[in-house]
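*Asks:* File follows, target_18.txt with compact mmCIF, C-alpha atoms:
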# COMPACT_ATOMS: atom_id res chain seq x y z
CA PHE C 2 30.06 -40.95 -74.12
CA PRO C 3 31.98 -40.22 -70.94
CA MET C 4 30.28 -37.77 -68.56
CA PRO C 5 32.17 -34.53 -67.86
CA LYS C 6 33.82 -34.29 -64.47
CA ARG C 7 32.34 -31.88 -61.93
CA THR C 8 34.57 -29.01 -60.99
CA GLY C 9 34.49 -26.16 -58.48
CA SER C 10 32.09 -26.21 -55.55
CA SER C 11 29.13 -27.84 -57.26
CA ARG C 12 27.18 -29.91 -54.78
CA ASP C 13 26.35 -33.53 -55.47
CA PRO C 14 22.60 -33.62 -56.13
CA GLY C 15 22.45 -36.76 -54.09
CA ALA C 16 24.05 -35.14 -51.07
CA ASN C 17 21.93 -34.35 -48.02
CA PRO C 18 21.70 -30.53 -47.47
CA GLU C 19 21.02 -31.06 -43.77
CA SER C 20 24.30 -32.98 -43.49
CA SER C 21 26.17 -30.06 -45.07
CA SER C 22 24.47 -27.55 -42.74
CA LEU C 23 25.24 -29.71 -39.73
CA SER C 24 28.87 -29.94 -40.81
CA GLY C 25 29.14 -26.15 -41.03
CA THR C 26 27.53 -25.75 -37.61
CA LEU C 27 29.95 -28.22 -36.06
CA MET C 28 32.90 -26.42 -37.63
CA SER C 29 31.63 -23.05 -36.33
CA SER C 30 31.05 -24.50 -32.87
CA THR C 31 34.51 -26.07 -32.88
CA SER C 32 36.10 -22.74 -33.88
CA THR C 33 34.26 -20.86 -31.12
CA SER C 34 35.18 -23.48 -28.54
CA SER C 35 38.79 -23.32 -29.66
CA LEU C 36 38.81 -19.52 -29.37
CA ARG C 37 37.34 -19.63 -25.87
CA SER C 38 39.91 -22.13 -24.64
CA SER C 39 42.87 -20.41 -26.27
CA ASP C 40 42.18 -16.80 -25.18
CA PRO C 41 39.22 -16.32 -22.79
CA SER C 42 40.16 -12.68 -22.13
CA LEU C 43 39.77 -11.88 -25.82
CA VAL C 44 36.33 -13.47 -25.86
CA LYS C 45 35.23 -11.41 -22.84
CA LYS C 46 36.53 -8.25 -24.49
CA LEU C 47 34.66 -8.99 -27.72
CA GLU C 48 31.46 -9.78 -25.80
CA ALA C 49 31.73 -6.52 -23.85
CA GLU C 50 32.33 -4.48 -26.99
CA SER C 51 29.46 -6.21 -28.78
CA ASP C 52 27.13 -5.50 -25.87
CA GLU C 53 28.19 -1.84 -25.85
CA ARG C 54 27.45 -1.50 -29.58
CA TYR C 55 24.13 -3.26 -29.10
CA GLN C 56 23.08 -0.90 -26.29
CA SER C 57 24.41 2.39 -27.70
CA VAL C 58 23.77 1.92 -31.44
CA LEU C 59 21.33 -0.85 -32.33
CA LEU C 60 18.75 -0.47 -29.55
CA PRO C 61 18.24 3.32 -30.03
CA ILE C 62 17.70 2.74 -33.76
CA ASN C 63 15.41 -0.19 -32.98
CA GLU C 64 13.28 1.96 -30.65
CA ARG C 65 12.98 4.84 -33.13
CA MET C 66 12.07 2.51 -36.01
CA PHE C 67 9.86 0.20 -33.88
CA GLY C 68 12.11 -2.67 -34.90
CA PRO C 69 11.95 -6.32 -33.98
CA LEU C 70 14.91 -6.49 -31.58
CA PRO C 71 14.05 -7.53 -28.02
CA GLN C 72 14.12 -4.66 -25.52
CA SER C 73 14.19 -6.61 -22.26
CA GLU C 74 17.33 -4.77 -21.12
CA THR C 75 15.65 -1.36 -21.27
CA ILE C 76 12.20 -2.21 -19.92
CA THR C 77 11.78 -3.48 -16.39
CA SER C 78 9.60 -6.51 -15.68
CA ARG C 79 7.90 -4.84 -12.70
CA PRO C 80 5.42 -1.95 -12.95
CA MET C 81 7.15 1.37 -12.27
CA VAL C 82 5.78 4.54 -10.67
CA LEU C 83 7.68 7.81 -11.12
CA LEU C 84 7.30 10.49 -8.44
CA LEU C 85 8.03 14.09 -9.43
CA GLY C 86 7.55 17.44 -7.74
CA ASN C 87 9.05 20.50 -6.14
CA HIS C 88 11.33 20.01 -3.18
CA SER C 89 9.39 19.58 0.06
CA SER C 90 6.25 18.56 -1.82
CA GLY C 91 5.94 15.30 0.13
CA LYS C 92 7.31 12.67 -2.26
CA SER C 93 9.49 10.89 0.29
CA THR C 94 6.83 11.05 2.99
CA PHE C 95 4.31 9.56 0.55
CA ILE C 96 6.69 6.67 -0.22
CA ASN C 97 7.30 5.95 3.47
CA HIS C 98 3.56 5.96 4.16
CA LEU C 99 2.75 3.80 1.13
CA LEU C 100 5.38 1.18 2.01
CA GLN C 101 4.75 1.44 5.77
CA ALA C 102 8.49 1.74 6.36
CA ASP C 103 10.95 4.53 7.09
CA ILE C 104 13.02 4.30 3.89
CA GLN C 105 13.45 7.82 2.52
CA LYS C 106 14.63 10.90 4.42
CA SER C 107 12.16 13.77 4.48
CA GLY C 108 12.37 17.41 5.41
CA VAL C 109 11.55 20.99 4.46
CA ALA C 110 14.89 21.60 2.76
CA PRO C 111 16.09 19.48 -0.18
CA THR C 112 17.32 16.22 1.35
CA ASP C 113 18.48 14.24 -1.68
CA ASP C 114 19.69 14.96 -5.21
CA CYS C 115 19.54 11.35 -6.46
CA PHE C 116 17.10 9.18 -8.34
CA THR C 117 16.28 6.44 -5.83
CA LEU C 118 14.56 3.25 -7.03
CA ILE C 119 12.74 1.38 -4.28
CA THR C 120 11.23 -2.09 -4.58
CA SER C 121 10.47 -5.19 -2.53
CA GLY C 122 12.73 -8.21 -2.12
CA ALA C 123 13.69 -11.14 0.06
CA GLU C 124 16.52 -9.24 1.78
CA ASP C 125 17.48 -5.61 2.40
CA THR C 126 20.10 -4.63 -0.17
CA ASP C 127 21.42 -1.41 -1.68
CA GLN C 128 23.06 -0.94 -5.07
CA ASP C 129 24.87 2.15 -6.28
CA GLY C 130 24.66 3.54 -9.79
CA PRO C 131 27.42 1.52 -11.47
CA ALA C 132 26.03 -1.75 -10.09
CA LEU C 133 22.47 -0.79 -11.05
CA VAL C 134 23.13 0.13 -14.69
CA GLY C 135 25.67 -2.66 -15.13
CA ASP C 136 23.23 -5.48 -14.32
CA PRO C 137 21.32 -6.54 -17.47
CA ASP C 138 18.70 -8.35 -15.40
CA LEU C 139 17.53 -5.12 -13.76
CA GLY C 140 16.69 -3.35 -17.03
CA PHE C 141 18.49 -0.01 -16.63
CA MET C 142 21.56 -0.50 -18.82
CA ALA C 143 20.35 2.19 -21.24
CA LEU C 144 21.01 4.81 -18.56
CA ARG C 145 24.74 4.32 -19.15
CA ASN C 146 24.29 6.53 -22.21
CA LYS C 147 23.13 9.44 -20.02
CA GLY C 148 26.63 10.10 -18.65
CA SER C 149 28.75 9.29 -15.62
CA ALA C 150 27.31 12.18 -13.60
CA LEU C 151 23.89 10.53 -13.63
CA ILE C 152 25.33 7.14 -12.68
CA SER C 153 26.70 8.69 -9.50
CA HIS C 154 23.24 10.15 -8.76
CA ILE C 155 21.14 7.00 -8.98
CA ASN C 156 20.74 4.05 -6.63
CA LEU C 157 18.51 1.09 -5.85
CA LYS C 158 17.02 0.12 -2.49
CA VAL C 159 15.50 -3.34 -2.06
CA ARG C 160 13.52 -3.77 1.16
CA LYS C 161 11.80 -6.80 2.66
CA GLY C 162 8.52 -6.67 4.50
CA VAL C 163 7.18 -3.53 2.80
CA ALA C 164 3.44 -3.06 2.33
CA LEU C 165 3.62 -2.84 -1.47
CA ASN C 166 5.26 -5.71 -3.37
CA ASN C 167 6.56 -6.14 -6.91
CA VAL C 168 6.37 -2.44 -7.82
CA ILE C 169 9.28 -0.06 -8.43
CA LEU C 170 8.89 3.43 -6.97
CA VAL C 171 11.24 6.07 -8.39
CA ASP C 172 11.87 8.97 -6.01
CA SER C 173 13.30 11.81 -8.09
CA PRO C 174 15.33 14.84 -6.94
CA GLY C 175 13.13 17.72 -5.86
CA MET C 176 12.76 20.28 -8.60
CA ILE C 177 13.86 23.76 -7.57
CA ASP C 178 14.24 27.27 -8.88
CA CYS C 179 17.72 27.99 -10.15
CA PRO C 180 19.63 30.75 -8.26
CA ALA C 181 18.89 33.32 -10.97
CA VAL C 182 15.13 32.80 -10.72
CA SER C 183 13.19 34.86 -8.21
CA THR C 184 10.42 33.31 -6.15
CA SER C 185 8.73 36.65 -5.48
CA GLN C 186 5.65 35.56 -7.44
CA ALA C 187 4.76 32.92 -4.82
CA HIS C 188 1.83 35.12 -3.69
CA LEU C 189 0.30 35.05 -7.18
CA ASP C 190 -2.30 32.55 -8.33
CA ILE C 191 -1.19 29.50 -10.29
CA ASN C 192 -2.06 30.93 -13.73
CA ASP C 193 -0.04 34.11 -13.18
CA ALA C 194 2.88 32.14 -11.75
CA LEU C 195 2.92 29.80 -14.74
CA ARG C 196 2.72 32.74 -17.15
CA ILE C 197 5.62 34.59 -15.50
CA ASP C 198 7.78 31.47 -15.36
CA GLY C 199 6.94 30.72 -18.98
CA GLU C 200 7.93 34.19 -20.15
CA ARG C 201 11.16 34.06 -18.17
CA ASN C 202 12.21 30.70 -19.57
CA LYS C 203 10.88 31.14 -23.10
CA ASN C 204 14.26 31.64 -24.73
CA LYS C 205 16.46 29.47 -22.53
CA LYS C 206 16.39 26.05 -20.93
CA VAL C 207 16.19 26.00 -17.15
CA ALA C 208 18.46 22.94 -17.05
CA LYS C 209 21.22 25.02 -18.61
CA VAL C 210 20.97 27.59 -15.83
CA TYR C 211 20.85 25.14 -12.96
CA ASP C 212 23.48 22.56 -13.83
CA ARG C 213 23.08 19.17 -12.17
CA GLY C 214 25.93 17.66 -14.16
CA PHE C 215 23.59 15.73 -16.46
CA ASP C 216 20.59 16.46 -18.66
CA PHE C 217 17.91 16.37 -15.97
CA MET C 218 14.95 16.71 -18.33
CA ASP C 219 16.25 13.97 -20.61
CA VAL C 220 16.52 11.58 -17.65
CA ILE C 221 13.04 12.54 -16.44
CA LYS C 222 11.72 11.81 -19.94
CA TRP C 223 13.41 8.39 -19.99
CA PHE C 224 11.92 7.37 -16.65
CA ALA C 225 8.53 8.78 -17.66
CA GLU C 226 8.49 6.78 -20.90
CA HIS C 227 9.28 3.56 -19.02
CA SER C 228 6.87 4.19 -16.13
CA ASP C 229 3.31 2.95 -15.92
CA VAL C 230 2.13 5.83 -13.71
CA ILE C 231 3.59 9.32 -13.14
CA LEU C 232 2.70 11.20 -9.94
CA LEU C 233 3.41 14.94 -9.94
CA PHE C 234 3.26 16.37 -6.42
CA PHE C 235 2.28 19.94 -5.55
CA ASP C 236 2.04 21.63 -2.18
CA PRO C 237 -1.22 23.63 -2.14
CA ASP C 238 0.32 25.96 0.43
CA LYS C 239 2.79 27.07 -2.26
CA PRO C 240 0.67 27.40 -5.42
CA GLY C 241 3.49 28.73 -7.56
CA THR C 242 5.65 26.34 -9.56
CA THR C 243 9.42 26.24 -9.91
CA GLY C 244 11.31 26.74 -13.14
CA GLU C 245 12.31 23.10 -13.37
CA THR C 246 8.75 21.91 -12.75
CA LEU C 247 7.42 24.09 -15.54
CA GLU C 248 10.13 22.84 -17.89
CA CYS C 249 9.26 19.27 -16.92
CA LEU C 250 5.55 19.75 -17.64
CA THR C 251 6.06 21.42 -21.01
CA THR C 252 8.90 19.25 -22.39
CA ALA C 253 9.78 16.03 -20.56
CA LEU C 254 6.16 14.99 -19.90
CA ASN C 255 4.73 16.26 -23.16
CA GLY C 256 2.43 13.64 -24.68
CA MET C 257 2.24 11.52 -21.50
CA GLU C 258 -0.94 13.01 -20.06
CA HIS C 259 -2.63 9.60 -20.22
CA LYS C 260 -0.53 8.30 -17.32
CA LEU C 261 0.06 11.55 -15.42
CA LEU C 262 -1.69 12.18 -12.11
CA ILE C 263 -1.32 15.48 -10.25
CA VAL C 264 -1.32 15.10 -6.46
CA PHE C 265 -2.14 18.09 -4.25
CA ASN C 266 -0.35 16.96 -1.13
CA LYS C 267 -0.52 18.27 2.47
CA CYS C 268 -4.14 19.36 2.03
CA ASP C 269 -4.80 18.70 5.71
CA GLN C 270 -2.22 21.23 6.90
Please render this file's structure as structure tokens.

*Replies:*
Amino acid sequence: FPMPKRTGSSRDPGANPESSSLSGTLMSSTSTSSLRSSDPSLVKKLEAESDERYQSVLLPINERMFGPLPQSETITSRPMVLLLGNHSSGKSTFINHLLQADIQKSGVAPTDDCFTLITSGAEDTDQDGPALVGDPDLGFMALRNKGSALISHINLKVRKGVALNNVILVDSPGMIDCPAVSTSQAHLDINDALRIDGERNKNKKVAKVYDRGFDFMDVIKWFAEHSDVILLFFDPDKPGTTGETLECLTTALNGMEHKLLIVFNKCDQ
């Protein structure tokens, strides 16, 4: 009896499946190569849009669900130390002393309102916010989701010949009392000062009163989560705490006590 003819897409049982897979791969590669040569601008646009979706949609979901996607673009390869504290608490002076170089400006009044990342390198270079968050090799692309105001308030300083190598120090803006908050309780002890500040800010966020243009506590929390050590500076001569510092301790640093160190600076003065 004659055998029935095969119809449709039935595969010959004698055919090699690896040959079929290789054929499909070659066709896909040929199509991609053809697309790149015909319209390279379209390819760049698609790659940029894909990267944006990956950073803004997939990675946040991946982090919340502890998913399998690689997170190399949001976690730096070098250990990171975050420095926090009231203005004039000695953060910049500590950095200059630790690195044995005059890198950060210091003074009694607030001298800087930026997040400054400082690390070692072969040459002295500076990068502004757009360049910093736009470089996937540096690991800060996730900060693009924090808004343009933050991007204009962040920068990177790479310095050669510093005393501490292969570590990133993050000098944060000095935390201050907002204009509506009185500092008359500075003569009180630390417990009374914390209690008064807590009662004052119980029903409202300090960040909403003192507007930096971006969610300051959210950015502090991001840096804290990605840091290996957090140093919180206090000036023993001023035992009271500011509204922003209290908000930082109770919200942004909540649950990170295992890597938080409190530094009482200027003890010799």

*Asks:* Contacts of range 96-110 of chain C at 9 Å or less, counting only C-alpha atoms, minus same-chain residues fewer than 5 places along, as number ranges by chain?

*Replies:* C: 88-91, 117, 119, 158, 160, 162-166, 170, 172

*Asks:* What would the file look like if the residues just selected were written as a compact mmCIF listing (two decimals), in the coordinates of the input with C-alpha atoms?

*Replies:*
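out_8.txt, freshly written:
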# COMPACT_ATOMS: atom_id res chain seq x y z
CA HIS C 88 11.33 20.01 -3.18
CA SER C 89 9.39 19.58 0.06
CA SER C 90 6.25 18.56 -1.82
CA GLY C 91 5.94 15.30 0.13
CA THR C 117 16.28 6.44 -5.83
CA ILE C 119 12.74 1.38 -4.28
CA LYS C 158 17.02 0.12 -2.49
CA ARG C 160 13.52 -3.77 1.16
CA GLY C 162 8.52 -6.67 4.50
CA VAL C 163 7.18 -3.53 2.80
CA ALA C 164 3.44 -3.06 2.33
CA LEU C 165 3.62 -2.84 -1.47
CA ASN C 166 5.26 -5.71 -3.37
CA LEU C 170 8.89 3.43 -6.97
CA ASP C 172 11.87 8.97 -6.01

*Asks:* Of the candidates C:Gln128, C:Ser153, C:Ser42, C:Asn167, which one gets nearest to Ser78 in chain C if we count all atoms listed in the file?

*Replies:*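 Under the stated criterion, the closest residue is C:Asn167.
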
*Asks:* Which residue gives the smallest distance to Thr252 in chain C among C:Ala225, C:Asp40, C:Met81, C:Leu232, with only C-alpha atoms counted?

*Replies:*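 Checking each of C:Ala225, C:Asp40, C:Met81, C:Leu232 against Thr252 in chain C, counting only C-alpha atoms, the winner is C:Ala225.
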
*Asks:* Do you have the CA of Asn87 in chain C-CA of Ile177 in chain C distance handy?

*Replies:*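 Distance between the two atoms: 6.0 Å.
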
*Asks:* I'd like to know which of C:Gly122, C:Gly244, C:Pro69, C:Glu226 is closest to Glu258 in chain C, using all atoms listed in the file.

*Replies:* C:Glu226

*Asks:* What's around Asp216 in chain C at 10 Å? Count only C-alpha atoms, leave out sequence neighbours fewer than 3 positions away in its own chain, and write the answer as number ranges by chain.

*Replies:* C: 147-148, 150-151, 208-209, 212-213, 219-221

*Asks:* Calculate how many Å separate CA of Ala143 in chain C from CA of Lys161 in chain C, rounding to one decimal.

*Replies:* 26.9 Å

*Asks:* Measuring atom to atom with only C-alpha atoms, identify which of C:Leu83, C:Leu250, C:Leu133, C:Leu261 is nearest to Phe224 in chain C.

*Replies:*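 With only C-alpha atoms as the atom set, the closest residue is C:Leu83.
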
*Asks:* Using Å and a single decimal, report how far CA of Pro137 in chain C sits from CA of Arg79 in chain C.

*Replies:*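 CA of Pro137 in chain C lies 14.3 Å from CA of Arg79 in chain C.
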
*Asks:* Compare C:Ile231, C:Pro131, C:Ala49, C:Glu248 by their minimum atom-to-atom distance to Ser149 in chain C, counting all atoms listed in the file, and give me the closest one.

*Replies:*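 With all atoms listed in the file as the atom set, the closest residue is C:Pro131.
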
*Asks:* Which residue, C:Asn146, C:Ala123, C:Ser93, C:Cys249, has the smallest gap to Glu53 in chain C when you use only C-alpha atoms?

*Replies:*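 Comparing C:Asn146, C:Ala123, C:Ser93, C:Cys249 against Glu53 in chain C, the winner is C:Asn146.
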